[in-house]
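File shown: final.txt. Contents: compact mmCIF, C-alpha atoms.
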```txt
# COMPACT_ATOMS: atom_id res chain seq x y z
CA MET A 143 -14.65 21.15 -1.98
CA ILE A 144 -17.78 19.03 -1.48
CA GLU A 145 -19.35 20.71 -4.48
CA MET A 146 -16.31 19.77 -6.57
CA ALA A 147 -16.52 16.18 -5.37
CA ARG A 148 -20.21 16.02 -6.25
CA ARG A 149 -19.46 17.53 -9.64
CA LEU A 150 -16.93 14.77 -10.38
CA ILE A 151 -19.37 12.06 -9.32
CA ARG A 152 -22.04 13.59 -11.59
CA GLN A 153 -19.51 13.77 -14.44
CA LYS A 154 -18.36 10.19 -14.07
CA PHE A 155 -21.69 8.52 -13.51
CA GLY A 156 -23.33 10.79 -16.09
CA SER A 157 -21.17 9.31 -18.83
CA ARG A 158 -22.85 6.30 -20.39
CA GLY A 159 -19.63 4.78 -21.75
CA LEU A 160 -17.92 5.02 -18.40
CA VAL A 161 -20.84 3.44 -16.57
CA VAL A 162 -20.87 0.58 -19.09
CA ALA A 163 -17.13 0.06 -18.59
CA LEU A 164 -17.56 -0.01 -14.81
CA ALA A 165 -20.51 -2.38 -15.12
CA VAL A 166 -18.40 -4.75 -17.23
CA LEU A 167 -15.67 -4.70 -14.58
CA ALA A 168 -18.22 -5.37 -11.84
CA LEU A 169 -19.69 -8.30 -13.79
CA MET A 170 -16.25 -9.76 -14.48
CA GLU A 171 -15.40 -9.49 -10.80
CA THR A 172 -18.68 -11.18 -9.90
CA PHE A 173 -17.91 -14.08 -12.22
CA GLY A 174 -14.44 -14.31 -10.70
CA VAL A 175 -15.80 -14.39 -7.15
CA ALA A 176 -18.44 -16.97 -8.13
CA HIS A 177 -15.70 -19.11 -9.70
CA ARG A 178 -13.00 -19.00 -7.02
CA GLY A 179 -14.61 -17.44 -3.93
CA VAL A 180 -13.30 -14.29 -2.28
CA GLY A 181 -9.96 -15.80 -1.24
CA ASP A 182 -7.85 -13.97 -3.80
CA GLY A 183 -9.55 -10.63 -3.22
CA PHE A 184 -11.00 -8.15 -5.69
CA THR A 185 -8.63 -8.03 -8.63
CA ILE A 186 -10.59 -6.79 -11.63
CA ALA A 187 -12.55 -4.19 -9.67
CA THR A 188 -9.25 -2.52 -8.77
CA TRP A 189 -9.04 -1.39 -12.38
CA GLY A 190 -12.09 0.81 -11.79
CA ILE A 191 -9.87 3.42 -10.16
CA PHE A 192 -7.99 3.94 -13.42
CA ILE A 193 -11.23 4.57 -15.28
CA LEU A 194 -12.47 6.94 -12.60
CA ALA A 195 -9.25 8.87 -12.00
CA ALA A 196 -7.76 9.18 -15.49
CA GLY A 197 -7.66 12.75 -16.81
CA SER A 198 -9.52 14.10 -13.80
CA VAL A 199 -7.96 17.57 -14.01
CA SER A 200 -6.52 17.70 -17.52
CA ARG A 201 -9.88 17.17 -19.17
CA ASP A 202 -11.38 20.11 -17.27
CA VAL A 203 -8.43 22.25 -18.37
CA ALA A 204 -8.77 21.20 -22.01
CA SER A 205 -12.52 21.79 -22.10
CA GLY A 206 -12.26 25.18 -20.41
CA ALA A 207 -14.49 24.05 -17.54
CA LEU A 208 -11.74 24.65 -15.02
CA GLN A 209 -11.30 28.24 -16.15
CA MET A 210 -15.05 28.77 -15.64
CA ILE A 211 -14.92 27.18 -12.21
CA LEU A 212 -11.99 29.32 -11.18
CA ALA A 213 -13.95 32.43 -12.14
CA ARG A 214 -15.64 31.85 -8.81
CA PRO A 215 -13.92 32.65 -5.50
CA ILE A 216 -12.54 29.19 -4.74
CA ARG A 217 -8.97 28.14 -4.22
CA ARG A 218 -7.30 25.85 -6.69
CA THR A 219 -6.50 23.40 -3.91
CA GLN A 220 -10.21 23.24 -3.04
CA TYR A 221 -10.93 22.26 -6.61
CA LEU A 222 -8.04 19.77 -6.68
CA PHE A 223 -8.83 17.98 -3.44
CA GLY A 224 -12.52 18.09 -4.30
CA ARG A 225 -11.63 16.13 -7.43
CA TYR A 226 -9.61 13.64 -5.39
CA PHE A 227 -12.35 13.06 -2.84
CA GLY A 228 -14.83 12.80 -5.72
CA ILE A 229 -12.72 10.04 -7.28
CA LEU A 230 -12.58 8.22 -3.96
CA ALA A 231 -16.31 8.59 -3.41
CA ALA A 232 -17.05 7.34 -6.94
CA PHE A 233 -14.71 4.39 -6.37
CA ALA A 234 -16.44 3.61 -3.08
CA ILE A 235 -19.83 3.65 -4.83
CA PHE A 236 -18.45 1.35 -7.53
CA LEU A 237 -17.01 -1.08 -4.98
CA PHE A 238 -20.25 -1.08 -3.02
CA ALA A 239 -22.18 -1.91 -6.18
CA THR A 240 -19.65 -4.60 -7.12
CA SER A 241 -19.91 -6.17 -3.65
CA LEU A 242 -23.69 -6.20 -3.86
CA LEU A 243 -23.55 -7.75 -7.30
CA ALA A 244 -21.04 -10.38 -6.19
CA PHE A 245 -23.12 -11.20 -3.12
CA ALA A 246 -26.33 -11.55 -5.13
CA GLY A 247 -24.59 -13.38 -8.00
CA VAL A 248 -23.03 -16.00 -5.73
CA ARG A 249 -26.27 -16.54 -3.80
CA LEU A 250 -28.17 -17.09 -7.02
CA ALA A 251 -25.64 -18.99 -9.12
CA MET A 252 -23.28 -20.73 -6.66
CA PRO A 253 -25.08 -21.42 -3.36
CA SER A 254 -22.21 -23.73 -2.34
CA LEU A 255 -19.93 -20.68 -2.04
CA ALA A 256 -22.48 -18.65 -0.10
CA ALA A 257 -20.82 -19.30 3.26
CA ASP A 258 -17.46 -18.08 1.90
CA VAL A 259 -18.93 -14.95 0.31
CA SER A 260 -20.40 -13.39 3.43
CA PRO A 261 -21.28 -9.68 3.68
CA GLY A 262 -18.51 -9.21 6.24
CA ARG A 263 -15.82 -10.70 4.01
CA LEU A 264 -17.02 -8.72 1.03
CA ALA A 265 -16.99 -5.52 3.08
CA ALA A 266 -13.43 -6.23 4.25
CA LEU A 267 -12.40 -6.97 0.70
CA ALA A 268 -14.01 -3.78 -0.62
CA GLY A 269 -12.27 -1.83 2.15
CA THR A 270 -8.79 -3.12 1.31
CA THR A 271 -9.45 -2.64 -2.42
CA PHE A 272 -10.52 0.94 -1.69
CA LEU A 273 -7.27 1.63 0.17
CA SER A 274 -5.28 0.01 -2.64
CA GLY A 275 -7.05 2.24 -5.16
CA ALA A 276 -6.55 5.48 -3.23
CA PHE A 277 -2.82 5.43 -3.95
CA PRO A 278 -2.83 5.23 -7.77
CA ALA A 279 -5.63 7.81 -7.70
CA ALA A 280 -3.28 10.27 -5.97
CA ILE A 281 -0.51 9.57 -8.50
CA LEU A 282 -2.92 10.02 -11.40
CA LEU A 283 -4.16 13.27 -9.90
CA PHE A 284 -0.58 14.51 -9.61
CA PHE A 285 0.24 13.64 -13.23
CA SER A 286 -3.08 15.05 -14.39
CA THR A 287 -2.17 18.50 -13.05
CA PHE A 288 0.46 18.98 -15.75
CA LEU A 289 0.05 16.25 -18.38
CA PRO A 290 -2.62 16.58 -21.09
CA GLY A 291 -5.59 14.26 -21.65
CA ILE A 292 -5.15 10.82 -20.16
CA ALA A 293 -1.37 10.98 -20.34
CA ASP A 294 -1.49 10.65 -16.56
CA LEU A 295 -2.10 6.94 -17.13
CA LEU A 296 1.06 6.85 -19.22
CA GLY A 297 2.90 8.66 -16.44
CA LEU A 298 1.78 6.08 -13.89
CA LEU A 299 2.81 3.27 -16.24
CA MET A 300 6.23 4.83 -16.78
CA LEU A 301 6.72 5.30 -13.04
CA ASN A 302 5.94 1.62 -12.50
CA LEU A 303 8.27 0.54 -15.30
CA VAL A 304 11.14 2.71 -14.11
CA LEU A 305 10.86 1.40 -10.58
CA HIS A 306 10.43 -2.25 -11.51
CA LEU A 307 12.73 -2.84 -14.47
CA PRO A 308 16.12 -2.43 -12.78
CA ALA A 309 15.18 -4.91 -10.05
CA SER A 310 16.58 -7.72 -12.19
CA ALA A 311 19.92 -5.95 -12.66
CA GLY A 312 21.31 -7.00 -9.29
CA SER A 313 24.02 -5.15 -7.32
CA ALA A 314 23.72 -1.74 -5.71
CA PHE A 315 21.48 -0.38 -8.46
CA ALA A 316 18.85 -2.99 -7.63
CA ARG A 317 18.99 -1.98 -3.98
CA ILE A 318 18.44 1.67 -4.87
CA SER A 319 15.55 0.65 -7.07
CA GLU A 320 14.12 -1.49 -4.29
CA THR A 321 14.33 1.38 -1.81
CA ALA A 322 12.77 3.81 -4.29
CA ARG A 323 9.96 1.37 -5.01
CA GLU A 324 9.30 0.78 -1.31
CA ASN A 325 8.99 4.51 -0.76
CA LEU A 326 7.36 5.71 -3.99
CA LEU A 327 5.10 2.74 -4.69
CA PRO A 328 4.73 0.99 -1.34
CA ASP A 329 2.98 -2.36 -1.46
CA VAL A 330 0.84 -2.81 1.63
CA ASP A 331 -0.89 -5.96 2.82
CA TRP A 332 -3.80 -4.13 4.40
CA SER A 333 -5.27 -7.10 6.21
CA GLU A 334 -1.92 -7.51 8.04
CA ALA A 335 -1.33 -3.78 8.45
CA LEU A 336 -4.74 -3.21 10.03
CA GLY A 337 -4.01 -6.17 12.28
CA GLY A 338 -0.92 -4.34 13.57
CA SER A 339 1.74 -6.62 12.05
CA GLY A 340 5.13 -4.85 12.27
CA PRO A 341 6.43 -4.99 8.66
CA ALA A 342 2.98 -4.36 7.18
CA LEU A 343 2.48 -1.42 9.54
CA ALA A 344 5.79 0.05 8.40
CA ALA A 345 4.62 -0.34 4.80
CA ALA A 346 1.38 1.43 5.75
CA GLY A 347 3.47 4.27 7.18
CA ARG A 348 5.37 4.56 3.91
CA TRP A 349 2.04 4.44 2.05
CA VAL A 350 0.50 7.30 4.07
CA PHE A 351 3.59 9.47 3.67
CA ALA A 352 3.96 8.82 -0.06
CA LEU A 353 0.25 9.48 -0.64
CA THR A 354 0.46 12.79 1.22
CA VAL A 355 3.58 13.76 -0.74
CA TYR A 356 1.88 13.04 -4.08
CA LEU A 357 -1.14 15.13 -3.06
CA ALA A 358 1.07 17.97 -1.80
CA LEU A 359 3.10 17.90 -5.02
CA ALA A 360 -0.11 17.96 -7.02
CA ALA A 361 -1.27 21.01 -5.05
CA VAL A 362 2.03 22.84 -5.55
CA VAL A 363 2.21 22.11 -9.29
CA PHE A 364 -1.45 22.91 -9.87
CA SER A 365 -1.33 26.16 -7.88
CA ARG A 366 1.53 27.45 -10.00
CA ARG A 367 0.25 26.30 -13.33
CA GLU A 368 -0.62 28.89 -15.98
CA LEU A 369 -4.02 28.04 -17.43
CA PRO A 370 -4.81 28.61 -21.12
CA TYR A 371 -7.53 31.23 -21.70
CA GLY A 372 -7.93 31.03 -25.47
CA ASN A 373 -5.73 32.93 -27.94
CA ASP A 374 -5.63 36.32 -26.24
CA MET B 130 -30.58 66.58 -25.23
CA GLU B 131 -28.54 66.41 -22.12
CA THR B 132 -26.98 63.15 -21.09
CA THR B 133 -25.60 62.15 -17.78
CA GLU B 134 -22.04 60.96 -17.79
CA THR B 135 -21.73 57.57 -16.18
CA SER B 136 -18.15 56.73 -16.88
CA PRO B 137 -16.72 54.56 -14.09
CA VAL B 138 -13.56 56.67 -14.19
CA SER B 139 -15.34 59.80 -13.08
CA SER B 140 -17.84 58.08 -10.81
CA PRO B 141 -17.51 59.04 -7.17
CA GLU B 142 -19.02 55.67 -6.06
CA PRO B 143 -16.54 53.12 -4.73
CA ALA B 144 -15.86 50.18 -7.04
CA PRO B 145 -17.82 47.00 -6.18
CA PRO B 146 -15.79 44.13 -4.69
CA PRO B 147 -14.44 41.71 -7.28
CA ALA B 148 -16.45 38.57 -7.94
CA THR B 149 -13.36 36.40 -7.83
CA LEU B 150 -10.44 36.07 -5.50
CA PRO B 151 -7.29 37.76 -6.75
CA PRO B 152 -5.23 35.18 -8.65
CA ARG B 153 -2.52 35.16 -6.02
CA SER B 154 -4.88 34.21 -3.17
CA GLN B 155 -6.65 31.68 -5.37
CA SER B 156 -3.32 29.91 -5.88
CA LYS B 157 -2.37 30.10 -2.22
CA ILE B 158 -1.80 26.72 -0.59
CA SER B 159 -3.42 26.20 2.77
CA PRO B 160 -0.99 25.69 5.66
CA ILE B 161 -3.11 22.69 6.62
CA LEU B 162 -1.39 20.83 3.82
CA LEU B 163 1.98 21.42 5.45
CA TRP B 164 0.68 20.14 8.76
CA LEU B 165 -0.75 17.06 7.06
CA LEU B 166 2.61 16.44 5.44
CA LEU B 167 4.37 16.74 8.80
CA ALA B 168 1.85 14.40 10.43
CA ALA B 169 2.34 11.85 7.65
CA ALA B 170 6.12 12.06 8.02
CA LEU B 171 5.80 11.54 11.77
CA PHE B 172 3.52 8.54 11.24
CA ARG B 173 6.03 7.11 8.77
CA VAL B 174 8.90 7.44 11.23
CA VAL B 175 6.90 5.99 14.14
CA THR B 176 5.76 2.94 12.15
CA ALA B 177 9.28 2.35 10.82
CA VAL B 178 10.78 2.51 14.32
CA THR B 179 8.05 0.30 15.78
CA SER B 180 8.51 -2.23 12.99
CA ARG B 181 12.28 -2.33 13.48
CA GLY B 182 11.80 -2.81 17.21
CA ASN B 183 9.53 -5.80 16.56
CA ALA B 184 11.65 -7.25 13.77
CA GLY B 185 13.87 -9.33 15.99
CA SER B 186 11.13 -10.68 18.20
CA GLY B 187 9.07 -12.23 15.43
CA THR B 188 5.43 -13.04 15.75
CA GLY B 189 3.53 -15.80 17.43
CA LEU B 190 4.05 -17.52 20.74
CA VAL B 191 7.63 -18.72 20.43
CA HIS B 192 10.10 -17.28 22.94
CA TRP B 193 12.81 -16.16 20.53
CA MET B 194 16.26 -15.26 21.73
CA SER B 195 19.21 -13.55 20.14
CA ALA B 196 21.79 -15.94 18.64
CA THR B 197 24.32 -15.18 21.40
CA ASP B 198 21.82 -15.74 24.21
CA ALA B 199 20.56 -18.88 22.50
CA ALA B 200 24.06 -20.39 22.32
CA GLN B 201 24.58 -19.78 26.05
CA ALA B 202 21.12 -21.08 26.96
CA ALA B 203 21.66 -24.21 24.84
CA ARG B 204 24.97 -24.97 26.56
CA ALA B 205 23.34 -24.49 29.95
CA SER B 206 20.22 -26.54 29.24
CA GLY B 207 21.59 -29.10 26.78
CA LYS B 208 18.73 -28.44 24.41
CA PRO B 209 19.40 -28.03 20.70
CA ILE B 210 19.11 -24.58 19.14
CA LEU B 211 16.43 -23.92 16.53
CA TYR B 212 17.57 -21.11 14.23
CA ASP B 213 14.90 -19.42 12.11
CA PHE B 214 16.76 -17.59 9.33
CA THR B 215 14.21 -15.13 8.04
CA ALA B 216 13.87 -11.82 6.20
CA GLU B 217 11.39 -8.98 6.35
CA TRP B 218 10.59 -9.04 2.61
CA CYS B 219 10.11 -12.81 2.41
CA GLY B 220 6.53 -14.00 1.82
CA PRO B 221 6.90 -17.63 2.98
CA CYS B 222 8.56 -16.31 6.17
CA LYS B 223 5.39 -14.36 6.90
CA ALA B 224 3.33 -17.50 6.32
CA LEU B 225 5.61 -19.35 8.73
CA ASP B 226 5.13 -16.58 11.28
CA THR B 227 1.39 -16.27 11.03
CA ASP B 228 0.54 -19.93 10.45
CA GLY B 229 3.39 -21.91 12.00
CA TRP B 230 4.88 -20.03 14.95
CA ALA B 231 1.52 -18.52 15.85
CA ASP B 232 0.06 -21.97 16.40
CA GLY B 233 -0.16 -22.85 20.10
CA THR B 234 0.84 -26.51 19.66
CA VAL B 235 3.84 -25.73 17.47
CA ALA B 236 4.97 -22.91 19.74
CA ALA B 237 4.63 -25.03 22.89
CA TYR B 238 6.65 -27.83 21.28
CA VAL B 239 9.38 -25.41 20.16
CA ASN B 240 9.59 -23.71 23.56
CA GLU B 241 9.72 -27.07 25.31
CA SER B 242 12.19 -28.87 23.08
CA PHE B 243 14.50 -26.20 21.64
CA VAL B 244 16.23 -22.96 22.36
CA PRO B 245 14.67 -20.88 19.59
CA SER B 246 16.65 -18.09 17.94
CA ARG B 247 15.45 -15.87 15.15
CA VAL B 248 18.00 -14.41 12.72
CA MET B 249 16.61 -11.58 10.59
CA ASP B 250 18.54 -10.96 7.38
CA ARG B 251 18.99 -7.23 6.61
CA VAL B 252 20.97 -7.34 3.36
CA ARG B 253 18.14 -6.06 1.21
CA GLU B 254 17.21 -3.28 3.62
CA GLU B 255 20.63 -2.14 4.84
CA GLY B 256 23.03 -3.52 2.25
CA LYS B 257 24.83 -5.87 4.65
CA ASN B 258 24.48 -8.01 7.75
CA PRO B 259 26.55 -7.86 10.91
CA PRO B 260 29.66 -10.08 10.61
CA TRP B 261 28.38 -12.61 13.18
CA MET B 262 25.21 -13.10 11.07
CA ASP B 263 27.25 -13.63 7.90
CA GLU B 264 29.35 -16.21 9.73
CA LEU B 265 26.26 -18.00 11.03
CA GLN B 266 24.66 -18.04 7.58
CA GLN B 267 27.85 -19.36 5.98
CA LYS B 268 28.26 -21.99 8.67
CA TYR B 269 24.79 -23.39 8.02
CA ARG B 270 24.86 -22.65 4.24
CA VAL B 271 21.81 -20.41 4.35
CA ASN B 272 20.98 -19.26 0.82
CA ALA B 273 17.20 -18.94 0.95
CA PHE B 274 14.52 -17.84 3.39
CA PRO B 275 13.07 -19.17 5.54
CA THR B 276 15.71 -21.70 6.51
CA LEU B 277 15.30 -23.62 9.75
CA VAL B 278 18.41 -25.12 11.27
CA VAL B 279 18.50 -27.33 14.32
CA ALA B 280 21.96 -27.33 15.88
CA ALA B 281 23.42 -29.10 18.89
CA PRO B 282 24.54 -26.94 21.83
CA ASP B 283 28.11 -27.13 20.51
CA GLY B 284 26.96 -25.76 17.15
CA ARG B 285 26.97 -29.00 15.11
CA GLU B 286 24.22 -29.02 12.50
CA ILE B 287 21.56 -31.64 13.20
CA ALA B 288 18.91 -30.90 10.58
CA THR B 289 17.99 -28.20 8.16
CA THR B 290 15.04 -27.33 5.95
CA GLN B 291 14.13 -24.54 3.57
CA GLY B 292 10.77 -22.91 2.84
CA TYR B 293 7.45 -23.40 4.55
CA ALA B 294 5.02 -26.11 3.47
CA GLY B 295 2.47 -26.03 6.26
CA LYS B 296 2.21 -26.92 9.94
CA GLN B 297 2.27 -30.69 9.49
CA ARG B 298 5.58 -30.64 7.60
CA LEU B 299 6.95 -28.17 10.14
CA MET B 300 6.03 -30.42 13.05
CA ALA B 301 7.43 -33.45 11.23
CA PHE B 302 10.74 -31.63 10.73
CA LEU B 303 10.90 -30.44 14.33
CA SER B 304 10.04 -33.79 15.86
CA GLY B 305 12.42 -35.58 13.48
CA ALA B 306 15.27 -33.26 14.42
CA ARG B 307 14.51 -33.55 18.13
CA GLY B 308 14.29 -37.31 18.04
CA ASN B 309 17.66 -37.68 16.39
CA PRO B 310 19.93 -35.10 18.01
CA SER B 311 23.18 -36.96 17.44
CA ALA B 312 22.76 -37.32 13.69
CA ALA B 313 25.35 -34.80 12.67
CA PRO B 314 26.18 -34.73 8.94
```
As a first step, turn the structure in this file into structure tokens.
Amino acid sequence: MIEMARRLIRQKFGSRGLVVALAVLALMETFGVAHRGVGDGFTIATWGIFILAAGSVSRDVASGALQMILARPIRRTQYLFGRYFGILAAFAIFLFATSLLAFAGVRLAMPSLAADVSPGRLAALAGTTFLSGAFPAAILLFFSTFLPGIADLLGLLMLNLVLHLPASAGSAFARISETARENLLPDVDWSEALGGSGPALAAAGRWVFALTVYLALAAVVFSRRELPYGND
Amino acid sequence: METTETSPVSSPEPAPPPATLPPRSQSKISPILLWLLLAAALFRVVTAVTSRGNAGSGTGLVHWMSATDAAQAARASGKPILYDFTAEWCGPCKALDTDGWADGTVAAYVNESFVPSRVMDRVREEGKNPPWMDELQQKYRVNAFPTLVVAAPDGREIATTQGYAGKQRLMAFLSGARGNPSAAP
């Protein structure tokens, strides 16, 4: 599993285009922090998870790399969860780099904000952003086990649309939608949840359960999937 | 020339072990996943129950009471009742909890001058409120959260405010309502 995680990190950070995209996000976040301080949290850096997690399994299937990997005696779930932990590790590296960049950028360009942008606050911010990113990564991994290319992004978008659109309809349908959204896409205020606040802690409980369900579903779907081995 | 037959079919040597796991065992899902799922479900239930248990008590240092107990306590002490109509999903209510009620000065003033009662709306979560809560909300025309109502011990409305605009405004509202308890609308 660790080997699979390392392989994903090598894949992601070995791609020049992807590194440039992540660097642009990190720079934009740095400018944002230098402009408004860290009060609003990392917003742009959160998008890094979509770049890192999109097509994580489907691309290996399409290229035939997965079939080569599975020629070795490893379980499919080892490969799958290795990919997931690889995504998380890559996201952690990206957030660490973004925090460093923001810290250095503010010290150099906006010394007046230096007290606000302390290493502790940046670390807390990176931590909550990491937790916020772990959830869409699990959904993308699930969709990536059966959708081609980066259609997993489309799947995530559709899931969000389906669960958010009916909210304006009112009546019982809106309540069903609200309940589904709370359980399938729980929104957690991590600073409150980690502080033990009741409602936020309940949301964290929903988050943990939903994340585990998405990963379990991904494992079930991926374990039963027929892989293409050419034309024969 | 004689050749030695090396066909694997006729070879007496045992076949070497396969380099890969049989497909079925490669696709097998570890039981650990099931245990993780059970643990996550348990965590979800525990946090939901804990949260529901805390929902009525609110946060901060204010000594909240149920509406029934508050009405009795107000009649006994002669203090006005401070109703905090709130909801779990409401953002400004959380700000009121963490910034307003959690402040020592505000909480001390509330505990000293009022009989505080917190009324948690459950329409969004459970589809309806208990009848007594509906009656209370209709009586004080509660249509947004948070709504603070100061009522005399006999239930007459003294003052009401909606939303949360910081500690200073909150204190101004509370002291204004306390200083003018007979100003029924």
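Those residues that approach Leu301 (chain A) to within 10 Å, counting all atoms listed in the file, are Ile281, Leu295, Leu296, Gly297, Leu298, Val304, Leu305, His306, Arg323, Leu326 and Leu327 of chain A; same-chain residues fewer than 3 positions away are not listed.
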Go ahead and dump the residues you just picked, C-alpha atoms, as a PDB file, in the frame of the given file.
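Saved file result-v7.pdb follows:
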```pdb
ATOM      1  CA  ILE A 281      -0.510   9.570  -8.500  1.00  0.00           C
ATOM      2  CA  LEU A 295      -2.100   6.940 -17.130  1.00  0.00           C
ATOM      3  CA  LEU A 296       1.060   6.850 -19.220  1.00  0.00           C
ATOM      4  CA  GLY A 297       2.900   8.660 -16.440  1.00  0.00           C
ATOM      5  CA  LEU A 298       1.780   6.080 -13.890  1.00  0.00           C
ATOM      6  CA  VAL A 304      11.140   2.710 -14.110  1.00  0.00           C
ATOM      7  CA  LEU A 305      10.860   1.400 -10.580  1.00  0.00           C
ATOM      8  CA  HIS A 306      10.430  -2.250 -11.510  1.00  0.00           C
ATOM      9  CA  ARG A 323       9.960   1.370  -5.010  1.00  0.00           C
ATOM     10  CA  LEU A 326       7.360   5.710  -3.990  1.00  0.00           C
ATOM     11  CA  LEU A 327       5.100   2.740  -4.690  1.00  0.00           C
TER      12      LEU A 327
END
```
- Query: Got a sec to pull out which chain A residues are within 7 Å of chain B, counting all atoms listed in the file, and send them as a ChimeraX atom specification?
  - Reply: /A:213-219,317,340-341,343-344,347-348,350-351,354-355,358,365-366
Okay, now the selection with C-alpha atoms, as a CSV table (one decimal), keeping the file's coordinate frame?
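The resulting file, again.csv, is reproduced below:
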```
chain,number,residue,atom,x,y,z
A,213,ALA,CA,-14.0,32.4,-12.1
A,214,ARG,CA,-15.6,31.8,-8.8
A,215,PRO,CA,-13.9,32.6,-5.5
A,216,ILE,CA,-12.5,29.2,-4.7
A,217,ARG,CA,-9.0,28.1,-4.2
A,218,ARG,CA,-7.3,25.8,-6.7
A,219,THR,CA,-6.5,23.4,-3.9
A,317,ARG,CA,19.0,-2.0,-4.0
A,340,GLY,CA,5.1,-4.8,12.3
A,341,PRO,CA,6.4,-5.0,8.7
A,343,LEU,CA,2.5,-1.4,9.5
A,344,ALA,CA,5.8,0.0,8.4
A,347,GLY,CA,3.5,4.3,7.2
A,348,ARG,CA,5.4,4.6,3.9
A,350,VAL,CA,0.5,7.3,4.1
A,351,PHE,CA,3.6,9.5,3.7
A,354,THR,CA,0.5,12.8,1.2
A,355,VAL,CA,3.6,13.8,-0.7
A,358,ALA,CA,1.1,18.0,-1.8
A,365,SER,CA,-1.3,26.2,-7.9
A,366,ARG,CA,1.5,27.4,-10.0
```
- Considering only C-alpha atoms, return as a PyMOL selection string whatever protein or nucleic-acid residues lie within 7 Å of region 232-245 of chain B, sequence-local ones (same chain, fewer than 2 positions apart) excluded. chain B and resi 190-194+199+202-203+208-212+228-230+247+300
- Task: Would you mind listing what lies within 8 Å of Thr290 (chain B) as a ChimeraX atom specification, with only C-alpha atoms counted and same-chain residues fewer than 6 positions away left out?
- Result: /B:276-278,302
- Message: Given all atoms listed in the file as the basis, pick out the residue of B:Ala294, B:Ala273, B:Ala231, B:Leu265 nearest to Cys219 (chain B).
- Response: B:Ala273
Can you pull out the residues contacting Tyr293 (chain B)? Cut-off 8 Å, using all atoms listed in the file, and skip same-chain residues under 4 positions away; I want them as a CSV table (one decimal) with C-alpha atoms, keeping the file's coordinate frame.
```
chain,number,residue,atom,x,y,z
B,221,PRO,CA,6.9,-17.6,3.0
B,222,CYS,CA,8.6,-16.3,6.2
B,224,ALA,CA,3.3,-17.5,6.3
B,225,LEU,CA,5.6,-19.4,8.7
B,275,PRO,CA,13.1,-19.2,5.5
B,299,LEU,CA,7.0,-28.2,10.1
```
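Nearest to Ala280 (chain B) of all the residues B:Gly220, B:Gly295, B:Pro160, B:Gly207 is B:Gly207, based on all atoms listed in the file.
Using all atoms listed in the file, the nearest neighbour of Arg251 (chain B) within the list B:Ala216, B:Ala288, B:Ala281, B:Val271 is B:Ala216.
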